[in-house]
$ cat model.txt   # compact mmCIF, C-alpha atoms
# COMPACT_ATOMS: atom_id res chain seq x y z
CA MET C 1 122.26 130.68 7.64
CA THR C 2 124.74 131.98 5.09
CA ALA C 3 128.48 131.47 5.54
CA LEU C 4 128.93 135.23 6.02
CA THR C 5 126.31 135.46 8.81
CA PHE C 6 127.65 132.35 10.54
CA THR C 7 131.22 133.67 10.42
CA LEU C 8 130.26 137.07 11.85
CA VAL C 9 128.10 135.64 14.67
CA VAL C 10 130.77 133.10 15.66
CA LEU C 11 133.39 135.85 15.54
CA ALA C 12 131.39 137.96 18.03
CA VAL C 13 130.60 135.03 20.36
CA SER C 14 134.25 133.93 20.33
CA ALA C 15 135.46 137.43 21.16
CA LEU C 16 133.30 137.32 24.31
CA ALA C 17 134.59 133.83 25.17
CA GLY C 18 138.19 134.95 24.71
CA PHE C 19 137.60 137.96 26.94
CA LEU C 20 136.16 135.83 29.78
CA GLY C 21 138.76 133.13 29.23
CA ALA C 22 141.69 135.50 29.64
CA LEU C 23 140.06 137.31 32.57
CA THR C 24 139.47 134.16 34.61
CA GLY C 25 142.17 131.76 33.46
CA LEU C 26 139.42 129.42 32.27
CA GLY C 27 140.39 129.55 28.61
CA GLY C 28 137.82 130.25 25.91
CA GLY C 29 136.78 126.63 25.41
CA VAL C 30 134.27 126.15 28.20
CA VAL C 31 132.29 129.16 26.97
CA VAL C 32 132.67 128.52 23.23
CA VAL C 33 131.42 124.91 23.27
CA PRO C 34 127.99 125.50 24.87
CA LEU C 35 127.41 128.65 22.79
CA LEU C 36 128.21 126.92 19.50
CA VAL C 37 126.14 123.86 20.39
CA LEU C 38 123.13 125.49 22.07
CA ALA C 39 122.86 128.82 20.24
CA LEU C 40 124.10 127.93 16.76
CA GLY C 41 123.22 124.24 16.44
CA VAL C 42 126.77 123.13 15.71
CA ASP C 43 127.58 119.44 16.25
CA VAL C 44 129.48 118.79 19.49
CA LYS C 45 132.43 117.33 17.60
CA TYR C 46 132.95 120.50 15.51
CA ALA C 47 132.42 122.63 18.61
CA ILE C 48 135.00 120.68 20.59
CA GLY C 49 137.50 120.90 17.73
CA ALA C 50 137.07 124.66 17.40
CA SER C 51 137.20 124.94 21.18
CA LEU C 52 140.58 123.26 21.35
CA VAL C 53 141.86 125.80 18.80
CA SER C 54 140.43 128.66 20.83
CA VAL C 55 142.08 127.22 23.94
CA ILE C 56 145.52 127.34 22.32
CA ALA C 57 144.90 130.83 20.90
CA THR C 58 143.76 132.21 24.29
CA SER C 59 146.66 130.70 26.15
CA SER C 60 149.40 131.77 23.73
CA GLY C 61 147.85 135.15 22.92
CA ALA C 62 147.44 136.23 26.54
CA ALA C 63 150.58 134.57 27.93
CA ALA C 64 152.91 136.91 26.02
CA ALA C 65 151.49 139.89 27.91
CA TYR C 66 151.40 138.10 31.30
CA VAL C 67 155.03 137.04 31.02
CA ARG C 68 156.02 140.65 30.41
CA GLU C 69 154.06 141.75 33.49
CA GLY C 70 155.87 139.13 35.57
CA TYR C 71 152.89 137.19 36.93
CA SER C 72 153.35 133.64 35.59
CA ASN C 73 155.70 131.16 37.25
CA ILE C 74 157.44 129.22 34.49
CA ARG C 75 158.94 126.55 36.80
CA VAL C 76 155.60 125.75 38.38
CA GLY C 77 153.99 125.71 34.92
CA MET C 78 156.59 123.45 33.35
CA LEU C 79 156.66 120.96 36.25
CA LEU C 80 152.87 120.65 36.33
CA GLU C 81 152.68 120.32 32.54
CA ILE C 82 154.16 116.82 32.91
CA ALA C 83 150.95 115.94 34.73
CA THR C 84 148.56 117.84 32.43
CA THR C 85 149.97 116.45 29.16
CA VAL C 86 150.00 112.84 30.38
CA GLY C 87 146.50 113.43 31.72
CA ALA C 88 145.38 114.84 28.34
CA ILE C 89 146.52 111.67 26.56
CA VAL C 90 144.86 109.41 29.15
CA GLY C 91 141.70 111.54 28.88
CA ALA C 92 141.56 111.14 25.10
CA VAL C 93 141.91 107.34 25.46
CA LEU C 94 139.29 107.26 28.23
CA ALA C 95 136.88 109.25 26.04
CA THR C 96 136.42 106.18 23.84
CA HIS C 97 135.38 104.03 26.84
CA VAL C 98 133.25 106.27 29.09
CA THR C 99 129.99 108.01 28.21
CA THR C 100 130.43 111.77 28.19
CA HIS C 101 127.31 112.59 30.21
CA VAL C 102 128.73 110.78 33.25
CA ILE C 103 131.90 112.85 32.89
CA ALA C 104 129.81 116.02 32.42
CA ILE C 105 128.11 115.40 35.79
CA VAL C 106 131.44 114.85 37.56
CA PHE C 107 132.84 117.94 35.88
CA GLY C 108 129.78 119.95 36.86
CA LEU C 109 130.26 118.97 40.50
CA VAL C 110 133.94 119.97 40.39
CA LEU C 111 132.95 123.35 38.92
CA LEU C 112 130.25 123.83 41.56
CA GLN C 113 132.87 123.36 44.28
CA ALA C 114 135.17 125.82 42.47
CA ALA C 115 132.42 128.44 42.31
CA TYR C 116 131.69 128.00 46.03
CA GLN C 117 135.33 128.47 46.96
CA SER C 118 135.69 131.47 44.68
CA PHE C 119 132.77 133.29 46.32
CA LYS C 120 134.07 132.41 49.78
CA GLY C 121 137.33 134.14 49.00
CA ASN C 122 140.84 133.65 50.29
CA THR C 123 140.82 133.97 54.09
CA ASP C 124 144.54 134.61 54.51
CA GLY C 125 144.33 137.65 52.22
CA GLY C 126 147.64 139.07 51.04
CA ALA C 127 149.79 137.12 53.50
CA GLN C 128 152.09 134.76 51.63
CA VAL C 129 153.15 131.35 52.93
CA GLU C 130 156.66 129.90 52.88
CA SER C 131 157.50 126.95 50.65
CA ASP C 132 157.40 123.52 52.30
CA ALA C 133 160.36 121.11 51.99
CA LEU C 134 159.52 119.81 48.50
CA GLY C 135 158.59 123.27 47.24
CA LYS C 136 162.00 124.52 48.40
CA LYS C 137 163.84 121.56 46.91
CA LEU C 138 162.18 122.16 43.54
CA ARG C 139 162.85 125.94 43.78
CA LEU C 140 159.20 126.71 42.95
CA GLY C 141 158.76 129.90 44.96
CA GLY C 142 158.81 133.24 43.18
CA THR C 143 157.90 136.90 43.23
CA TYR C 144 155.08 138.86 41.62
CA PRO C 145 154.27 142.57 41.36
CA VAL C 146 152.11 144.09 44.14
CA GLU C 147 151.74 147.89 44.11
CA GLY C 148 154.96 148.36 42.20
CA LYS C 149 157.03 146.06 44.48
CA ARG C 150 158.03 142.42 44.08
CA GLN C 151 156.13 140.32 46.63
CA GLU C 152 157.67 136.93 47.48
CA TYR C 153 155.55 133.78 47.77
CA GLY C 154 156.13 130.12 48.52
CA VAL C 155 154.72 126.92 47.01
CA ARG C 156 153.34 124.03 49.08
CA ASN C 157 151.65 120.61 48.61
CA VAL C 158 153.28 119.83 45.26
CA PRO C 159 152.09 116.16 45.10
CA THR C 160 148.44 117.20 45.62
CA GLY C 161 148.79 119.90 42.96
CA PHE C 162 150.40 117.40 40.60
CA GLY C 163 147.53 114.94 41.09
CA LEU C 164 144.90 117.61 40.49
CA MET C 165 146.78 118.70 37.34
CA PHE C 166 146.61 115.13 36.03
CA GLY C 167 142.84 115.35 36.47
CA ALA C 168 142.76 118.74 34.75
CA GLY C 169 144.67 117.26 31.80
CA ALA C 170 142.32 114.28 31.59
CA LEU C 171 139.25 116.57 31.48
CA SER C 172 140.97 118.66 28.82
CA GLY C 173 141.59 115.61 26.63
CA LEU C 174 138.04 114.34 27.16
CA LEU C 175 136.11 117.54 26.47
CA GLY C 176 138.42 119.62 24.30
CA ILE C 177 138.70 122.37 26.90
CA GLY C 178 141.65 123.92 28.70
CA SER C 179 140.39 122.94 32.21
CA GLY C 180 141.63 126.27 33.52
CA ALA C 181 139.25 126.09 36.51
CA VAL C 182 140.82 122.90 37.88
CA LYS C 183 144.31 124.24 37.17
CA VAL C 184 143.58 127.40 39.15
CA ILE C 185 142.17 125.33 42.05
CA ALA C 186 145.28 123.15 42.08
CA MET C 187 147.62 126.14 42.31
CA ASP C 188 145.58 128.67 44.30
CA ARG C 189 143.94 126.29 46.77
CA ALA C 190 146.20 123.26 47.06
CA MET C 191 149.62 124.79 46.43
CA LYS C 192 148.89 128.18 48.09
CA ILE C 193 150.11 130.18 45.09
CA PRO C 194 148.66 133.76 44.88
CA PHE C 195 145.48 133.96 42.80
CA LYS C 196 146.85 136.22 40.06
CA VAL C 197 149.93 134.04 39.67
CA SER C 198 147.65 130.97 39.56
CA THR C 199 145.33 132.34 36.85
CA THR C 200 148.15 133.59 34.64
CA THR C 201 150.26 130.44 35.05
CA SER C 202 147.12 128.41 34.29
CA ASN C 203 146.59 130.45 31.12
CA PHE C 204 150.23 129.81 30.24
CA MET C 205 149.85 126.02 30.70
CA ILE C 206 146.55 125.58 28.89
CA GLY C 207 148.08 125.82 25.40
CA VAL C 208 150.59 123.07 26.10
CA THR C 209 147.89 120.80 27.56
CA ALA C 210 145.66 121.40 24.53
CA ALA C 211 148.52 120.74 22.10
CA ALA C 212 148.86 117.26 23.63
CA SER C 213 145.42 116.31 22.24
CA ALA C 214 145.37 118.59 19.14
CA GLY C 215 146.85 115.94 16.84
CA VAL C 216 144.07 113.49 17.67
CA TYR C 217 141.37 116.12 17.10
CA LEU C 218 142.86 117.17 13.75
CA SER C 219 143.23 113.62 12.42
CA ARG C 220 139.64 112.82 13.44
CA GLY C 221 138.36 115.82 11.47
CA TYR C 222 137.01 117.64 14.54
CA ILE C 223 138.84 120.84 13.52
CA ASP C 224 136.74 122.19 10.62
CA PRO C 225 138.38 125.26 9.01
CA ARG C 226 135.05 127.08 8.46
CA VAL C 227 134.14 126.85 12.17
CA ALA C 228 137.64 127.13 13.63
CA MET C 229 138.59 130.25 11.60
CA PRO C 230 136.14 132.74 13.19
CA VAL C 231 136.56 131.06 16.59
CA MET C 232 140.33 131.48 16.59
CA LEU C 233 140.32 135.08 15.31
CA GLY C 234 137.51 136.14 17.64
CA VAL C 235 139.07 134.55 20.71
CA LEU C 236 142.41 136.23 20.03
CA GLY C 237 140.80 139.67 19.92
CA GLY C 238 138.80 139.01 23.10
CA ALA C 239 141.79 137.59 24.97
CA PHE C 240 143.83 140.69 24.10
CA ILE C 241 141.24 142.94 25.75
CA GLY C 242 140.85 140.53 28.72
CA THR C 243 144.57 140.72 29.42
CA LYS C 244 144.45 144.53 29.65
CA VAL C 245 141.61 144.34 32.19
CA LEU C 246 143.28 141.64 34.35
CA VAL C 247 146.40 143.67 35.03
CA ARG C 248 144.24 146.47 36.46
CA ALA C 249 141.55 144.36 38.22
CA HIS C 250 141.37 143.66 41.98
CA VAL C 251 141.63 140.09 43.28
CA LYS C 252 138.17 140.40 44.85
CA THR C 253 136.51 141.46 41.59
CA LEU C 254 138.34 138.68 39.79
CA ARG C 255 137.01 136.10 42.26
CA ILE C 256 133.41 137.22 41.77
CA VAL C 257 133.69 137.20 37.96
CA PHE C 258 135.43 133.82 38.16
CA GLY C 259 132.80 132.44 40.55
CA LEU C 260 129.86 133.59 38.41
CA VAL C 261 131.32 132.11 35.24
CA VAL C 262 132.10 128.82 36.98
CA LEU C 263 128.64 128.64 38.60
CA ALA C 264 126.85 129.19 35.27
CA LEU C 265 128.98 126.52 33.64
CA ALA C 266 128.42 124.11 36.53
CA VAL C 267 124.63 124.37 36.21
CA GLU C 268 124.87 123.93 32.44
CA MET C 269 127.10 120.88 32.73
CA LEU C 270 124.92 119.24 35.39
CA VAL C 271 121.62 119.85 33.56
CA ASN C 272 122.98 118.61 30.24
CA GLY C 273 124.75 115.71 31.91
CA VAL C 274 121.66 114.52 33.83
CA MET C 275 119.47 114.85 30.73
CA GLY C 276 122.05 112.94 28.71
CA LYS C 277 122.48 115.73 26.18
CA VAL C 278 126.24 116.03 26.46
CA MET X 1 170.67 134.05 30.64
CA ASP X 2 168.38 134.32 33.66
CA ASP X 3 164.74 133.48 34.36
CA LYS X 4 163.53 136.95 33.44
CA ARG X 5 165.23 136.95 30.06
CA LEU X 6 164.08 133.40 29.35
CA GLU X 7 160.50 134.33 30.15
CA THR X 8 160.67 137.42 27.93
CA MET X 9 162.02 135.32 25.05
CA ILE X 10 159.28 132.75 25.49
CA GLY X 11 156.68 135.53 25.58
CA GLN X 12 157.99 136.96 22.33
CA LEU X 13 158.04 133.54 20.70
CA LEU X 14 154.41 132.95 21.68
CA ARG X 15 153.38 136.34 20.33
CA ALA X 16 155.21 135.84 17.02
CA GLY X 17 153.74 132.35 16.58
CA VAL X 18 150.21 133.48 17.31
CA LEU X 19 150.44 136.55 15.03
CA LEU X 20 151.84 134.48 12.16
CA ALA X 21 149.13 131.84 12.66
CA ALA X 22 146.42 134.50 12.85
CA ALA X 23 147.67 136.19 9.65
CA VAL X 24 147.56 132.90 7.71
CA VAL X 25 144.11 132.01 9.12
CA PHE X 26 142.86 135.54 8.30
CA ALA X 27 144.11 135.25 4.69
CA GLY X 28 142.41 131.86 4.34
CA GLY X 29 139.25 133.24 5.92
CA ALA X 30 139.20 136.20 3.52
CA PHE X 31 139.56 133.86 0.52
CA TYR X 32 136.81 131.66 1.95
CA LEU X 33 134.34 134.53 2.43
CA VAL X 34 135.05 136.05 -1.00
CA ARG X 35 134.26 132.71 -2.67
CA HIS X 36 131.62 131.24 -0.35
CA HIS X 37 129.94 134.10 1.56
CA ALA X 38 126.48 133.29 0.16
CA ASP X 39 126.70 129.50 0.76
CA GLN X 40 124.11 127.99 3.09
CA VAL X 41 125.98 126.37 5.98
CA HIS X 42 124.97 123.84 8.64
CA TYR X 43 127.27 121.92 10.95
CA LYS X 44 125.01 119.14 12.14
CA PRO X 45 125.36 116.20 11.94
CA PHE X 46 129.12 115.66 12.02
CA VAL X 47 130.54 114.53 8.67
CA GLU X 48 134.12 113.35 8.54
CA SER X 49 136.05 115.77 6.32
CA GLY X 50 138.58 114.89 3.61
CA ALA X 51 142.30 114.29 4.03
CA ASP X 52 143.04 117.80 2.68
CA VAL X 53 142.02 119.28 6.05
CA ARG X 54 142.95 116.36 8.34
CA THR X 55 146.53 115.34 7.47
CA LEU X 56 149.75 117.33 7.41
CA LYS X 57 150.45 116.32 3.79
CA GLY X 58 146.93 117.15 2.64
CA ILE X 59 146.89 120.52 4.39
CA VAL X 60 150.26 121.63 2.97
CA LYS X 61 149.23 120.55 -0.54
CA SER X 62 145.88 122.33 -0.29
CA ALA X 63 147.50 125.48 1.09
CA MET X 64 150.05 125.50 -1.75
CA HIS X 65 147.13 125.66 -4.19
CA LEU X 66 145.85 128.67 -2.18
CA GLU X 67 142.66 126.84 -1.26
CA SER X 68 140.93 128.65 1.61
CA ALA X 69 140.40 125.52 3.77
CA GLY X 70 144.03 124.48 3.38
CA LEU X 71 145.30 127.96 4.26
CA ILE X 72 143.17 128.11 7.41
CA GLN X 73 144.32 124.63 8.51
CA LEU X 74 147.96 125.62 7.86
CA GLY X 75 147.47 128.61 10.14
CA LEU X 76 145.94 126.35 12.80
CA LEU X 77 148.89 123.94 12.50
CA LEU X 78 151.19 126.91 13.16
CA LEU X 79 149.06 127.73 16.19
CA ILE X 80 149.33 124.15 17.51
CA ALA X 81 153.11 124.29 16.94
CA THR X 82 153.46 127.45 19.06
CA PRO X 83 153.21 125.85 22.53
CA VAL X 84 155.39 122.96 21.34
CA ALA X 85 158.09 125.44 20.24
CA ARG X 86 157.65 127.22 23.57
CA VAL X 87 158.51 124.04 25.47
CA ALA X 88 161.48 123.39 23.15
CA LEU X 89 162.79 126.90 23.84
CA ALA X 90 162.40 126.33 27.57
CA VAL X 91 164.59 123.21 27.29
CA VAL X 92 167.34 125.28 25.63
CA GLY X 93 166.88 128.20 28.02
CA PHE X 94 167.14 126.09 31.18
CA ALA X 95 170.14 124.24 29.72
CA LEU X 96 171.89 127.58 29.10
CA GLU X 97 171.09 128.56 32.69
CA ARG X 98 172.73 125.25 33.71
CA ASP X 99 169.49 124.40 35.49
CA ARG X 100 169.60 120.64 34.93
CA LEU X 101 166.45 119.85 36.87
CA TYR X 102 164.21 122.17 34.84
CA ALA X 103 165.94 121.39 31.53
CA LEU X 104 165.01 117.75 32.22
CA VAL X 105 161.47 118.67 33.29
CA SER X 106 160.97 120.65 30.04
CA LEU X 107 162.48 117.82 28.00
CA ILE X 108 159.98 115.35 29.50
CA VAL X 109 157.09 117.67 28.56
CA LEU X 110 158.49 118.05 25.02
CA ALA X 111 158.82 114.26 24.67
CA ILE X 112 155.20 113.75 25.76
CA LEU X 113 153.96 116.35 23.22
CA VAL X 114 156.01 114.89 20.34
CA PHE X 115 154.87 111.37 21.24
CA SER X 116 151.24 112.47 21.23
CA LEU X 117 151.43 114.41 17.94
CA MET X 118 153.40 111.66 16.17
CA ARG X 119 150.98 108.97 17.31
CA ALA X 120 148.04 110.97 15.94
CA THR X 121 149.51 111.67 12.48
$ encode --input "model.txt" --output "structure tokens"
Amino acid sequence: MTALTFTLVVLAVSALAGFLGALTGLGGGVVVVPLLVLALGVDVKYAIGASLVSVIATSSGAAAAYVREGYSNIRVGMLLEIATTVGAIVGAVLATHVTTHVIAIVFGLVLLQAAYQSFKGNTDGGAQVESDALGKKLRLGGTYPVEGKRQEYGVRNVPTGFGLMFGAGALSGLLGIGSGAVKVIAMDRAMKIPFKVSTTTSNFMIGVTAAASAGVYLSRGYIDPRVAMPVMLGVLGGAFIGTKVLVRAHVKTLRIVFGLVVLALAVEMLVNGVMGKV
Amino acid sequence: MDDKRLETMIGQLLRAGVLLAAAVVFAGGAFYLVRHHADQVHYKPFVESGADVRTLKGIVKSAMHLESAGLIQLGLLLLIATPVARVALAVVGFALERDRLYALVSLIVLAILVFSLMRAT
């Protein structure tokens, strides 16, 4: 393959990954890595390095628009980033001791559960809960736009969310992904934060989590400029379009898209993990 | 200074950082394709690259010579710096709001990021 062909193909694939990443709060990484490795025969290390770059680009590129729309919750994001960044460092250290296919299987199971819950949908619908004692003390509740009005919501189960975020950070450091799926579960499911606020806040946090392990990736040579260049530019373009769609999309449609993406990734992770390919 | 204004500022910072990074990466990419578009490329197996694309010093030096790889890496460094700057701005923003709790929370996150990046380079 010539450098020109490779660049153009990766650019197109990354644009798709960025689109899905912004739409679901997953980040582009989980889609970029398997596509680069399986479809283009790129070594996992280069793929993971480029993925980390795409993760930061998706997060930062889309977050600017989300912040303007008033969906993300900066206090929730900042508080939970303590857990994700520490987790990212622990994950990077762990990566040198644990075989990745074991982690891939665990990750696949987590994703499978996420897909199941996404398809099942949120039973309490639009009704928002009140903050519990700790949520109130930390002033985590907020408002988000619903049909032109500001809808109030509360935040619950902060310790559980914090623990899950540590896990999300560890997976991010291990696999060079943003772990958006686990972040969304922690906020949407455990902390009872509305889905749209969860996905956008997750997107907002992913860049900071990825930055915590970026130095390690760079110094190890995982970030190759010839692979990372089309990945970063493609993802940015895709994320821009994904952001426009999200603001208009219904929660139900979002859940189905999210569920399908997570399910496909779960199967891929499990198969590759069991066969020892990852 | 309130939450809304702080969030808008952070959003603008992120956008500016990403656009600047993308412009530098695009310039490097254009140089790369002009010079190497017909090269045969393969990215397996993994080969550890040189210091000119792995260390801060090497990247800056390579970019100063307008080498395509160095320019791309410089753009990616700017991209990595964007979320770090975002956290730093949040520290200042919360401090100006006299929100001690979240100024401290942001400062802890910033310290973790700086520790991690320093340790790696």
$ interface_residues --input "model.txt" --of "chain C" --to "chain X" --cutoff "6 Å" --atoms "all atoms listed in the file" --output "list of chain:residue names"
C:Met1, C:Thr2, C:Ala3, C:Leu4, C:Val42, C:Asp43, C:Ser60, C:Ala64, C:Val67, C:Ile82, C:Gly207, C:Val208, C:Ala211, C:Ala212, C:Gly215, C:Val216, C:Leu218, C:Ser219, C:Gly221, C:Pro225
$ atom_distance --input "model.txt" --atom1 "atom CA of C:Leu112" --atom2 "atom CA of C:Val10"
27.5 Å
$ residues_around --input "model.txt" --residues "C:Gly154" --least-positions-apart "4" --cutoff "9 Å" --atoms "only C-alpha atoms" --output "number ranges by chain"
C: 128-132, 135-136, 140-143, 191-193
$ atom_distance --input "model.txt" --atom1 "atom CA of C:Asn203" --atom2 "atom CA of C:Gly18"
11.5 Å
$ closest_residue --input "model.txt" --among "C:Val227, C:Ile56, C:Ile256, C:Val245" --to "C:Gly180" --atoms "all atoms listed in the file"
C:Ile56
$ atom_distance --input "model.txt" --atom1 "atom CA of C:Tyr153" --atom2 "atom CA of C:Thr253"
21.4 Å
$ residues_around --input "model.txt" --residues "C:Gly237" --least-positions-apart "2" --cutoff "12 Å" --atoms "only C-alpha atoms" --output "VMD selection string"
(chain C and resid 11 to 22 28 54 57 to 58 61 to 62 230 to 235 239 to 244) or (chain X and resid 18 to 19 22)
$ axis_aligned_box --input "model.txt" --around "stretch 173-191 of chain C" --padding-each-side "6 Å" --output "AutoDock Vina command-line options"
--center_x 142.9 --center_y 121.5 --center_z 35.7 --size_x 25.5 --size_y 26.3 --size_z 34.8
$ closest_residue --input "model.txt" --among "C:Val257, C:Ile74, C:Leu94, C:Val31" --to "C:Thr200" --atoms "only C-alpha atoms"
C:Ile74
$ residues_around --input "model.txt" --residues "C:Gln113" --least-positions-apart "4" --cutoff "9 Å" --atoms "only C-alpha atoms" --output "compact mmCIF listing (two decimals) with C-alpha atoms, keeping the file's coordinate frame"
# COMPACT_ATOMS: atom_id res chain seq x y z
CA GLY C 108 129.78 119.95 36.86
CA LEU C 109 130.26 118.97 40.50
CA GLN C 117 135.33 128.47 46.96
CA SER C 118 135.69 131.47 44.68
CA LEU C 263 128.64 128.64 38.60
CA ALA C 266 128.42 124.11 36.53
$ residues_around --input "model.txt" --residues "C:Ser202" --least-positions-apart "5" --cutoff "12 Å" --atoms "all atoms listed in the file" --output "ChimeraX atom specification"
/C:21-27,55,58-60,62-63,66,71-74,76-78,80-81,84,165,168-169,178-188,193-197,207-209
$ closest_residue --input "model.txt" --among "C:Pro145, C:Ala83, C:Glu152, C:Gly176" --to "C:Leu164" --atoms "only C-alpha atoms"
C:Ala83
